[in-house]
$ cat entry-v2.cif   # mmCIF, C-alpha atoms and all ligand atoms
data_model
#
loop_
_atom_site.label_atom_id
_atom_site.label_comp_id
_atom_site.auth_asym_id
_atom_site.auth_seq_id
_atom_site.Cartn_x
_atom_site.Cartn_y
_atom_site.Cartn_z
CA MET K 1 145.52 140.05 111.14
CA LYS K 2 148.55 141.51 112.85
CA THR K 3 147.81 144.46 115.08
CA PHE K 4 151.28 145.99 115.08
CA ILE K 5 151.31 146.25 111.29
CA ARG K 6 147.94 147.88 111.44
CA ILE K 7 149.09 150.61 113.77
CA SER K 8 152.19 151.43 111.78
CA LEU K 9 150.29 151.40 108.50
CA PHE K 10 147.69 153.76 109.85
CA ALA K 11 150.18 156.63 110.07
CA PHE K 12 151.50 155.79 106.63
CA CYS K 13 148.09 155.50 105.01
CA ALA K 14 146.36 158.48 106.57
CA CYS K 15 147.38 160.90 103.82
CA LEU K 16 146.46 158.46 101.05
CA PHE K 17 143.30 157.29 102.71
CA SER K 18 140.62 158.84 100.50
CA THR K 19 142.24 157.91 97.22
CA ALA K 20 143.73 154.55 98.23
CA GLN K 21 140.30 153.19 99.11
CA THR K 22 138.80 153.67 95.67
CA ALA K 23 141.84 153.63 93.38
CA ALA K 24 142.63 150.51 91.34
CA PRO K 25 143.97 147.77 93.63
CA SER K 26 147.73 147.23 93.70
CA ALA K 27 149.32 144.23 91.98
CA ARG K 28 149.78 142.62 95.41
CA ALA K 29 146.12 143.15 96.37
CA ARG K 30 145.03 141.80 93.00
CA ALA K 31 147.22 138.68 93.44
CA ILE K 32 145.83 138.02 96.94
CA HIS K 33 142.31 138.60 95.67
CA ASP K 34 142.68 136.37 92.63
CA SER K 35 144.05 133.45 94.66
CA ALA K 36 140.96 133.34 96.93
CA ILE K 37 137.66 131.47 96.72
CA ILE K 38 135.30 134.42 97.04
CA ILE K 39 131.76 133.89 98.27
CA ASP K 40 129.02 136.48 98.54
CA THR K 41 126.04 135.33 100.57
CA HIS K 42 123.33 137.68 99.34
CA ALA K 43 122.28 139.09 95.96
CA ASP K 44 118.72 140.05 95.03
CA THR K 45 119.27 139.58 91.29
CA PRO K 46 116.50 136.92 90.96
CA GLN K 47 113.96 139.79 91.17
CA ARG K 48 115.53 141.07 87.96
CA PHE K 49 115.60 137.59 86.39
CA LEU K 50 111.91 137.10 87.03
CA ASP K 51 110.35 140.56 86.73
CA ASP K 52 112.69 142.29 84.26
CA ASN K 53 113.77 139.36 82.07
CA PHE K 54 117.33 140.28 83.00
CA ASP K 55 119.97 138.02 81.48
CA ILE K 56 122.99 137.51 83.76
CA GLY K 57 125.12 137.11 80.60
CA ASN K 58 124.20 140.65 79.60
CA ALA K 59 127.23 142.83 78.79
CA ASP K 60 125.50 146.21 78.46
CA PRO K 61 127.93 148.78 79.90
CA ASN K 62 124.99 151.00 80.86
CA ASP K 63 123.16 148.33 82.85
CA ILE K 64 122.57 149.65 86.37
CA GLY K 65 122.73 146.19 87.96
CA GLU K 66 125.46 145.18 90.36
CA MET K 67 125.64 141.55 89.24
CA SER K 68 126.38 139.89 85.89
CA LEU K 69 128.69 137.11 84.78
CA ASP K 70 131.16 139.69 83.44
CA LYS K 71 131.09 141.69 86.69
CA ALA K 72 131.46 138.52 88.76
CA ARG K 73 134.48 137.50 86.67
CA ALA K 74 136.07 140.93 86.93
CA GLY K 75 135.70 140.73 90.71
CA ASN K 76 136.86 137.07 90.85
CA LEU K 77 133.60 136.12 92.54
CA SER K 78 133.45 132.32 92.88
CA ALA K 79 130.03 131.76 94.42
CA GLU K 80 126.87 133.76 94.86
CA PHE K 81 123.95 132.92 97.08
CA PHE K 82 121.02 134.26 95.06
CA SER K 83 118.23 135.50 97.27
CA ILE K 84 114.81 133.92 96.87
CA TRP K 85 112.84 136.82 98.35
CA VAL K 86 109.08 136.83 98.16
CA ASP K 87 107.64 140.28 98.75
CA PRO K 88 104.94 139.54 101.35
CA LYS K 89 102.81 142.48 100.19
CA THR K 90 102.57 141.79 96.46
CA ASN K 91 102.40 137.99 96.90
CA GLU K 92 99.84 137.69 99.66
CA GLY K 93 98.16 134.27 99.48
CA HIS K 94 100.71 132.66 97.14
CA PHE K 95 104.13 132.80 98.80
CA ALA K 96 105.09 129.26 97.74
CA LYS K 97 104.20 129.83 94.09
CA HIS K 98 106.41 132.91 93.93
CA THR K 99 109.19 131.08 95.77
CA PHE K 100 109.11 128.34 93.11
CA ASP K 101 109.11 130.94 90.31
CA LEU K 102 112.22 132.64 91.71
CA ILE K 103 114.00 129.30 92.17
CA ASP K 104 113.16 128.50 88.55
CA SER K 105 114.59 131.84 87.42
CA VAL K 106 118.02 130.98 88.89
CA TYR K 107 118.05 127.53 87.24
CA GLU K 108 117.08 129.12 83.91
CA GLN K 109 120.03 131.52 84.05
CA ALA K 110 122.42 128.64 84.78
CA ALA K 111 120.86 126.63 81.92
CA HIS K 112 121.46 129.51 79.48
CA HIS K 113 125.11 129.94 80.48
CA PRO K 114 126.48 126.43 81.14
CA ASP K 115 129.99 127.54 80.13
CA ARG K 116 130.20 130.28 82.77
CA MET K 117 127.75 129.39 85.54
CA MET K 118 126.57 126.26 87.36
CA MET K 119 124.06 125.44 90.05
CA ALA K 120 125.80 124.49 93.31
CA PHE K 121 124.42 122.73 96.36
CA SER K 122 127.45 121.88 98.51
CA VAL K 123 130.95 122.88 99.51
CA ALA K 124 132.25 120.35 96.97
CA ASP K 125 130.18 122.03 94.21
CA ILE K 126 131.61 125.47 95.08
CA GLU K 127 135.14 124.08 94.91
CA ARG K 128 134.42 122.35 91.60
CA ALA K 129 132.91 125.51 90.07
CA HIS K 130 135.97 127.45 91.22
CA LYS K 131 138.30 124.97 89.49
CA GLU K 132 136.21 125.17 86.32
CA LYS K 133 136.17 128.99 86.51
CA LYS K 134 132.38 129.10 86.63
CA LEU K 135 130.19 131.13 88.93
CA ALA K 136 128.66 128.76 91.50
CA ALA K 137 124.98 129.71 91.84
CA LEU K 138 123.47 128.85 95.21
CA MET K 139 120.11 129.86 96.58
CA GLY K 140 118.96 131.19 99.95
CA ILE K 141 115.35 131.92 100.85
CA GLU K 142 114.91 135.34 102.43
CA GLY K 143 111.95 135.19 104.81
CA GLY K 144 110.43 132.19 106.57
CA HIS K 145 106.95 133.16 105.31
CA SER K 146 107.94 131.28 102.12
CA ILE K 147 107.32 127.93 103.87
CA GLU K 148 103.67 128.86 104.56
CA ASN K 149 103.96 127.31 108.06
CA ASP K 150 104.54 123.90 106.47
CA ILE K 151 107.66 121.88 107.33
CA ARG K 152 107.08 119.78 104.19
CA LEU K 153 107.51 122.85 101.99
CA LEU K 154 110.76 123.57 103.83
CA ARG K 155 111.97 120.09 102.86
CA ASP K 156 110.82 120.60 99.26
CA TYR K 157 112.85 123.81 99.05
CA TYR K 158 115.90 121.97 100.33
CA ARG K 159 115.37 119.28 97.68
CA LEU K 160 115.24 121.99 95.01
CA GLY K 161 118.61 123.23 96.18
CA VAL K 162 117.92 126.00 98.69
CA ARG K 163 120.86 126.03 101.11
CA TYR K 164 119.97 128.77 103.56
CA MET K 165 116.85 130.43 104.85
CA THR K 166 116.59 133.79 106.60
CA LEU K 167 114.10 133.02 109.38
CA THR K 168 112.26 136.29 108.78
CA TRP K 169 112.49 139.15 106.32
CA SER K 170 111.33 142.61 107.48
CA ASN K 171 107.93 141.08 108.28
CA THR K 172 107.14 139.07 111.39
CA ASN K 173 105.70 135.74 110.24
CA GLU K 174 103.57 133.29 112.19
CA TRP K 175 106.51 131.72 113.98
CA GLY K 176 109.24 134.34 114.30
CA ASP K 177 109.58 138.05 115.11
CA SER K 178 111.34 140.40 112.70
CA SER K 179 113.42 143.48 113.53
CA GLY K 180 111.51 145.22 110.72
CA ASP K 181 108.19 145.54 112.53
CA ILE K 182 109.07 144.75 116.14
CA ASP K 183 107.88 148.21 117.29
CA ASP K 184 104.62 148.05 115.35
CA PRO K 185 101.78 147.44 117.85
CA LYS K 186 99.43 146.32 115.04
CA ILE K 187 101.59 143.23 114.41
CA GLN K 188 101.12 140.14 116.56
CA HIS K 189 104.51 139.19 117.97
CA HIS K 190 105.67 135.96 119.64
CA ASN K 191 108.52 137.05 121.91
CA GLY K 192 111.07 135.54 119.51
CA LEU K 193 110.56 132.10 117.99
CA THR K 194 107.45 130.00 118.64
CA ASP K 195 107.75 126.25 119.33
CA PHE K 196 107.11 125.66 115.63
CA GLY K 197 109.84 128.19 114.82
CA LYS K 198 112.28 126.20 116.93
CA GLN K 199 111.23 123.03 115.07
CA VAL K 200 111.96 124.81 111.79
CA VAL K 201 115.49 125.62 112.98
CA LEU K 202 116.12 122.00 114.02
CA GLU K 203 114.72 120.66 110.75
CA MET K 204 117.01 123.03 108.84
CA ASN K 205 119.94 121.65 110.90
CA ARG K 206 118.87 118.10 110.03
CA LEU K 207 118.47 118.87 106.32
CA GLY K 208 121.75 120.77 106.02
CA MET K 209 120.15 124.15 105.28
CA ILE K 210 122.11 127.01 106.86
CA VAL K 211 120.11 129.01 109.42
CA ASP K 212 120.31 132.72 108.56
CA ILE K 213 119.57 135.28 111.27
CA SER K 214 119.76 138.47 109.17
CA HIS K 215 116.59 140.59 109.60
CA VAL K 216 115.31 138.80 112.73
CA ALA K 217 114.34 140.59 115.95
CA ASP K 218 116.90 140.45 118.77
CA LYS K 219 114.87 137.92 120.80
CA THR K 220 114.48 135.70 117.71
CA PHE K 221 118.27 135.80 117.33
CA TRP K 222 118.84 134.68 120.94
CA ASP K 223 116.19 131.93 120.70
CA THR K 224 117.84 130.67 117.50
CA ILE K 225 121.33 130.66 119.01
CA ALA K 226 119.98 128.68 121.98
CA VAL K 227 118.27 126.01 119.87
CA THR K 228 120.48 125.52 116.76
CA LYS K 229 122.83 122.54 116.60
CA ALA K 230 124.88 123.98 113.73
CA PRO K 231 126.64 127.30 113.11
CA VAL K 232 124.44 130.12 111.80
CA ILE K 233 125.12 132.93 109.36
CA ALA K 234 123.93 136.49 109.08
CA SER K 235 123.86 136.52 105.28
CA HIS K 236 123.77 140.32 104.98
CA SER K 237 124.12 142.25 108.25
CA SER K 238 126.44 144.96 109.54
CA ALA K 239 127.46 146.17 113.02
CA ARG K 240 125.08 148.11 115.30
CA ALA K 241 127.94 149.62 117.31
CA LEU K 242 128.75 151.65 114.18
CA VAL K 243 125.25 152.26 112.76
CA THR K 244 122.08 152.08 114.88
CA ALA K 245 119.89 150.30 112.27
CA PRO K 246 117.88 147.73 114.27
CA ARG K 247 118.75 144.92 111.86
CA ASN K 248 122.46 145.47 112.38
CA MET K 249 124.04 143.24 115.01
CA THR K 250 125.07 144.31 118.50
CA ASP K 251 128.52 143.42 119.83
CA ASP K 252 126.90 140.85 122.16
CA MET K 253 125.32 139.19 119.13
CA LEU K 254 128.63 139.23 117.26
CA ARG K 255 130.29 137.47 120.19
CA ALA K 256 127.44 134.94 120.35
CA VAL K 257 127.86 134.14 116.64
CA ALA K 258 131.58 133.63 117.26
CA LYS K 259 130.82 131.20 120.10
CA ASN K 260 128.36 129.39 117.84
CA GLY K 261 131.07 129.05 115.17
CA GLY K 262 129.08 131.07 112.65
CA VAL K 263 129.82 134.04 110.40
CA VAL K 264 128.43 137.55 109.92
CA ASP K 265 128.55 138.68 106.30
CA VAL K 266 128.72 142.45 106.01
CA ASN K 267 125.99 144.22 104.06
CA PHE K 268 127.18 146.85 101.54
CA PHE K 269 124.08 149.10 101.85
CA SER K 270 125.13 152.64 102.75
CA GLY K 271 122.24 152.90 105.19
CA PHE K 272 123.57 150.01 107.29
CA ASP K 273 127.23 151.07 107.01
CA ASP K 274 127.09 154.84 107.54
CA GLN K 275 125.21 156.55 110.39
CA LYS K 276 124.73 159.82 108.48
CA TYR K 277 123.25 157.94 105.52
CA TRP K 278 120.98 155.95 107.85
CA ASP K 279 119.70 159.11 109.56
CA ALA K 280 119.06 160.84 106.23
CA ALA K 281 117.26 157.76 104.85
CA GLN K 282 115.07 157.56 107.95
CA ALA K 283 114.25 161.28 107.70
CA GLN K 284 112.97 160.94 104.12
CA LYS K 285 111.38 157.49 104.51
CA LYS K 286 107.79 158.71 104.94
CA ASP K 287 107.88 160.84 101.78
CA GLU K 288 109.69 158.11 99.85
CA ASP K 289 107.14 155.45 100.85
CA ALA K 290 104.31 157.80 99.86
CA ALA K 291 105.89 158.41 96.43
CA VAL K 292 106.30 154.66 95.87
CA GLU K 293 102.73 153.92 96.98
CA ALA K 294 101.32 156.65 94.71
CA TYR K 295 103.20 155.23 91.73
CA LEU K 296 102.05 151.67 92.47
CA ALA K 297 98.45 152.84 92.85
CA GLN K 298 98.68 154.56 89.48
CA GLN K 299 100.08 151.40 87.87
CA ARG K 300 97.26 149.32 89.36
CA ALA K 301 94.67 151.84 88.18
CA GLU K 302 96.05 151.47 84.65
CA GLY K 303 95.72 147.69 84.97
CA LYS K 304 99.49 147.10 84.86
CA PRO K 305 101.11 144.26 86.82
CA VAL K 306 102.87 145.36 90.01
CA SER K 307 105.99 143.76 91.45
CA TYR K 308 108.87 144.89 93.64
CA MET K 309 110.79 146.00 90.55
CA THR K 310 107.92 148.23 89.37
CA ALA K 311 108.83 151.11 91.65
CA GLU K 312 112.53 150.41 92.04
CA HIS K 313 113.52 153.40 89.90
CA ILE K 314 111.65 155.68 92.30
CA GLN K 315 113.52 154.25 95.27
CA ARG K 316 116.76 154.82 93.37
CA GLU K 317 115.88 158.49 92.85
CA TRP K 318 115.27 158.91 96.59
CA MET K 319 118.45 157.10 97.59
CA ALA K 320 120.44 159.25 95.13
CA LYS K 321 119.39 162.38 97.05
CA ILE K 322 121.69 161.34 99.93
CA PRO K 323 125.47 161.75 99.49
CA ARG K 324 127.33 158.45 99.19
CA PRO K 325 129.62 157.62 102.11
CA SER K 326 133.27 156.84 101.46
CA PHE K 327 134.32 153.29 100.62
CA SER K 328 136.08 153.03 103.98
CA VAL K 329 132.77 152.64 105.91
CA LEU K 330 132.42 149.17 104.40
CA ILE K 331 135.90 148.20 105.57
CA ASP K 332 135.09 149.71 109.01
CA HIS K 333 132.30 147.15 109.49
CA ILE K 334 134.44 144.20 108.42
CA ASP K 335 137.19 145.45 110.73
CA HIS K 336 134.81 145.98 113.67
CA ILE K 337 133.32 142.50 113.38
CA ALA K 338 136.80 140.98 113.01
CA LYS K 339 137.85 142.77 116.21
CA VAL K 340 134.77 141.90 118.27
CA ALA K 341 133.93 138.40 116.98
CA GLY K 342 137.30 137.40 115.53
CA VAL K 343 138.57 137.21 111.98
CA ASP K 344 137.10 133.70 111.63
CA HIS K 345 133.58 135.10 111.93
CA VAL K 346 133.23 137.78 109.27
CA GLY K 347 132.48 137.60 105.55
CA LEU K 348 130.76 139.33 102.62
CA GLY K 349 126.99 139.64 102.16
CA SER K 350 126.69 142.41 99.58
CA ASP K 351 122.92 142.67 99.09
CA PHE K 352 123.74 143.43 95.42
CA ASP K 353 120.69 144.43 93.38
CA GLY K 354 118.72 144.94 96.58
CA MET K 355 119.95 148.38 97.68
CA SER K 356 118.48 150.69 95.03
CA GLY K 357 122.02 151.74 94.13
CA ALA K 358 122.84 152.99 97.65
CA THR K 359 126.38 151.70 98.09
CA PRO K 360 129.52 153.38 99.41
CA SER K 361 131.52 155.34 96.86
CA GLY K 362 133.55 153.04 94.59
CA MET K 363 131.46 149.92 95.26
CA ASP K 364 129.35 149.89 92.12
CA SER K 365 129.16 146.19 91.33
CA ALA K 366 130.74 142.77 91.88
CA ALA K 367 133.61 144.00 89.69
CA ASP K 368 134.68 146.23 92.60
CA LEU K 369 135.24 143.38 95.08
CA PRO K 370 139.07 143.59 94.71
CA LYS K 371 138.86 147.02 96.39
CA ILE K 372 137.83 145.22 99.59
CA THR K 373 141.04 143.20 99.48
CA GLN K 374 142.98 146.44 99.01
CA GLY K 375 141.12 148.03 101.93
CA LEU K 376 141.92 145.09 104.22
CA LEU K 377 145.53 145.00 103.08
CA ASP K 378 145.84 148.73 103.86
CA ARG K 379 144.71 147.98 107.41
CA GLY K 380 147.31 145.30 107.93
CA TYR K 381 145.31 142.10 107.39
CA SER K 382 147.37 139.09 106.36
CA THR K 383 146.74 137.13 103.15
CA GLU K 384 145.41 134.23 105.21
CA ASP K 385 142.93 136.43 107.08
CA ILE K 386 141.80 138.18 103.89
CA HIS K 387 141.10 134.79 102.30
CA LYS K 388 138.99 133.81 105.32
CA ILE K 389 136.97 137.03 105.07
CA LEU K 390 136.49 136.72 101.29
CA GLY K 391 135.01 133.23 101.49
CA GLY K 392 136.97 130.81 103.68
CA ASN K 393 134.80 131.47 106.73
CA VAL K 394 131.56 130.81 104.85
CA LEU K 395 133.02 127.60 103.42
CA ARG K 396 133.94 126.46 106.95
CA VAL K 397 130.41 127.13 108.23
CA PHE K 398 128.82 125.40 105.24
CA ARG K 399 131.08 122.36 105.74
CA GLU K 400 130.13 122.19 109.43
CA VAL K 401 126.41 122.53 108.58
CA GLU K 402 126.82 119.58 106.19
CA ARG K 403 128.60 117.56 108.91
CA VAL K 404 125.94 118.27 111.55
CA SER K 405 123.24 117.30 109.04
CA HIS K 406 124.90 113.95 108.29
CA GLU K 407 125.29 113.31 112.01
CA MET K 408 121.64 114.13 112.80
CA GLN K 409 120.40 112.01 109.90
CA ALA K 410 122.56 109.06 110.96
CA LYS K 411 121.13 109.26 114.48
CA SER K 412 117.51 109.40 113.34
CA GLN K 413 117.76 106.33 111.06
ZN ZN I 501 117.49 141.54 103.16
#

$ encode --input "entry-v2.cif" --output "structure tokens" --more "lines below"
Ligand SMILES: [Zn+2]
Amino acid sequence: MKTFIRISLFAFCACLFSTAQTAAPSARARAIHDSAIIIDTHADTPQRFLDDNFDIGNADPNDIGEMSLDKARAGNLSAEFFSIWVDPKTNEGHFAKHTFDLIDSVYEQAAHHPDRMMMAFSVADIERAHKEKKLAALMGIEGGHSIENDIRLLRDYYRLGVRYMTLTWSNTNEWGDSSGDIDDPKIQHHNGLTDFGKQVVLEMNRLGMIVDISHVADKTFWDTIAVTKAPVIASHSSARALVTAPRNMTDDMLRAVAKNGGVVDVNFFSGFDDQKYWDAAQAQKKDEDAAVEAYLAQQRAEGKPVSYMTAEHIQREWMAKIPRPSFSVLIDHIDHIAKVAGVDHVGLGSDFDGMSGATPSGMDSAADLPKITQGLLDRGYSTEDIHKILGGNVLRVFREVERVSHEMQAKSQ
């Protein structure tokens, strides 16, 4: 990134700003975009695989999903970390079983589309998939409750191919506090990570599973940074200096991730990227939750199975009530993190298929990823820096996590 270009371009771009951000990318942007290895660290599509029988090879132009093999190709997406997210409410008592089912759903998609998609477990696999023009499918567990307080299950998940784990989701588990319920006095908190939680982090380091601090409470973040021996990621988090959502990251946290060598992958959800959207979503949250609960209760009363996807269309209706922010808010977060933490410490963590359609204007699916390259180019970022943001930084972290793992395993032999 070259600051002087940015300043001069600002004056030039101001008049074009609203259209340039969502118009088709220029030939130059497209060339820069298409020569990158692009990695997205968070998509919730496995919920659709499992609960909706969604086929990632589906080419239905009316499909509302943000991820498919066609959309990934159109956006030159090289690798996706599919989120293995177990809703703690609807899966009470059988977190591991649901974790295994979601893992299976990703493998099944790859098995059905061997010509266009492959399972990937390493940096080398991502590079191989890129050469073969296949989507590299990786998996990250979202929420430490999936390990059911059992370090052996953590190891089993690694063996099945899981390459990151978000220490908590929106729920505090028995060893780590979440930002999602940190103000709820009914929840028993731990002041960050417990001793077992710290052991989990170190075992992840040893295995070569990336530690993901998206969703965790601030104290959990600081405990993790203090204990981890490898760089961490925030697989889908934006900047709190721009939007006050408690799961966005403060500037101090961004600087700490930079010092740790990690990367913060910006979330595309309008609520985390635009303050007005966040405020409006908070204002309607009580009514929205009540509408969802009423629908779920009705489904249960009729004896129908209930999953996260059951009420997703209701959440979409509520999200659609709020005006979409402009595409530029997404670039603002990338730019802010690049300024505060450095351009080596920012990446993409879309949260595709997990936002109930609430994305900035023009970001409708993975096919729109080239618009990010255009947005960064408009702000004066160099080709080299854009390539880092699109995937190079995540590859560097993953490589370092692999190196630390080999080193720890060699020492413990
Ligand atoms: Zn999430």

$ atom_distance --input "entry-v2.cif" --atom1 "CA of Ile337 in chain K" --atom2 "CA of Asn393 in chain K"
13.0 Å

$ closest_atom_pairs --input "entry-v2.cif" --of "chain K" --to "ligand ZN 501 (chain I)" --cutoff "7 Å" --atoms "all atoms listed in the file" --output "CSV"
residue,atom,partner,partner_atom,distance
K:Glu142,CA,I:ZN501,ZN,6.8
K:Trp169,CA,I:ZN501,ZN,6.4
K:His215,CA,I:ZN501,ZN,6.6
K:His236,CA,I:ZN501,ZN,6.7
K:Asp351,CA,I:ZN501,ZN,6.9

$ write_last_selection --input "entry-v2.cif" --atoms "C-alpha atoms" --output "tab-separated table (two decimals), keeping the file's coordinate frame"
chain	number	residue	atom	x	y	z
K	142	GLU	CA	114.91	135.34	102.43
K	169	TRP	CA	112.49	139.15	106.32
K	215	HIS	CA	116.59	140.59	109.60
K	236	HIS	CA	123.77	140.32	104.98
K	351	ASP	CA	122.92	142.67	99.09

$ closest_residue --input "entry-v2.cif" --among "K:Ala36, K:Gly197, K:Glu384, K:Gly391" --to "Asn76 in chain K" --atoms "all atoms listed in the file"
K:Ala36

$ closest_atom_pairs --input "entry-v2.cif" --of "range 40-136 of chain K" --to "range 149-162 of chain K" --cutoff "12 Å" --atoms "all atoms listed in the file" --output "tab-separated table"
residue	atom	partner	partner_atom	distance
K:Phe81	CA	K:Val162	CA	9.3
K:Phe82	CA	K:Val162	CA	9.5
K:Ser83	CA	K:Val162	CA	9.6
K:Ile84	CA	K:Val162	CA	8.7
K:Trp85	CA	K:Val162	CA	12.0
K:Phe95	CA	K:Asn149	CA	10.8
K:Ala96	CA	K:Leu153	CA	8.1
K:Lys97	CA	K:Leu153	CA	11.0
K:Thr99	CA	K:Tyr157	CA	8.8
K:Phe100	CA	K:Tyr157	CA	8.4
K:Asp101	CA	K:Leu160	CA	11.8
K:Leu102	CA	K:Val162	CA	11.2
K:Ile103	CA	K:Leu160	CA	7.9
K:Asp104	CA	K:Leu160	CA	9.4
K:Val106	CA	K:Gly161	CA	10.7
K:Tyr107	CA	K:Gly161	CA	9.9
K:Met119	CA	K:Gly161	CA	8.5
K:Ala120	CA	K:Gly161	CA	7.8
K:Phe121	CA	K:Gly161	CA	5.8
K:Ser122	CA	K:Gly161	CA	9.2
K:Asp125	CA	K:Gly161	CA	11.8

$ closest_residue --input "entry-v2.cif" --among "K:Tyr308, K:Trp318, K:Tyr277, K:Tyr295" --to "Ala245 in chain K" --atoms "all atoms listed in the file"
K:Tyr277

$ residues_around --input "entry-v2.cif" --residues "range 209-213 of chain K" --least-positions-apart "4" --cutoff "6 Å" --atoms "only C-alpha atoms" --output "list of chain:residue names"
K:Arg163, K:Tyr164, K:Met165, K:Thr166, K:Met204, K:Val232, K:Ile233, K:Ala234

$ residues_around --input "entry-v2.cif" --residues "Asp385 in chain K" --least-positions-apart "5" --cutoff "10 Å" --atoms "all atoms listed in the file" --output "ChimeraX atom specification"
/K:1-2,338,343-344,376-377,380,390,392-393

$ axis_aligned_box --input "entry-v2.cif" --around "range 385-403 of chain K" --padding-each-side "4 Å" --output "AutoDock Vina command-line options"
--center_x 134.7 --center_y 127.9 --center_z 105.4 --size_x 24.5 --size_y 28.6 --size_z 16.1

$ atom_distance --input "entry-v2.cif" --atom1 "CA of Lys229 in chain K" --atom2 "CA of Ala258 in chain K"
14.1 Å

$ closest_residue --input "entry-v2.cif" --among "K:Ser405, K:Ser328, K:Gln299, K:Gln47" --to "Leu202 in chain K" --atoms "all atoms listed in the file"
K:Ser405
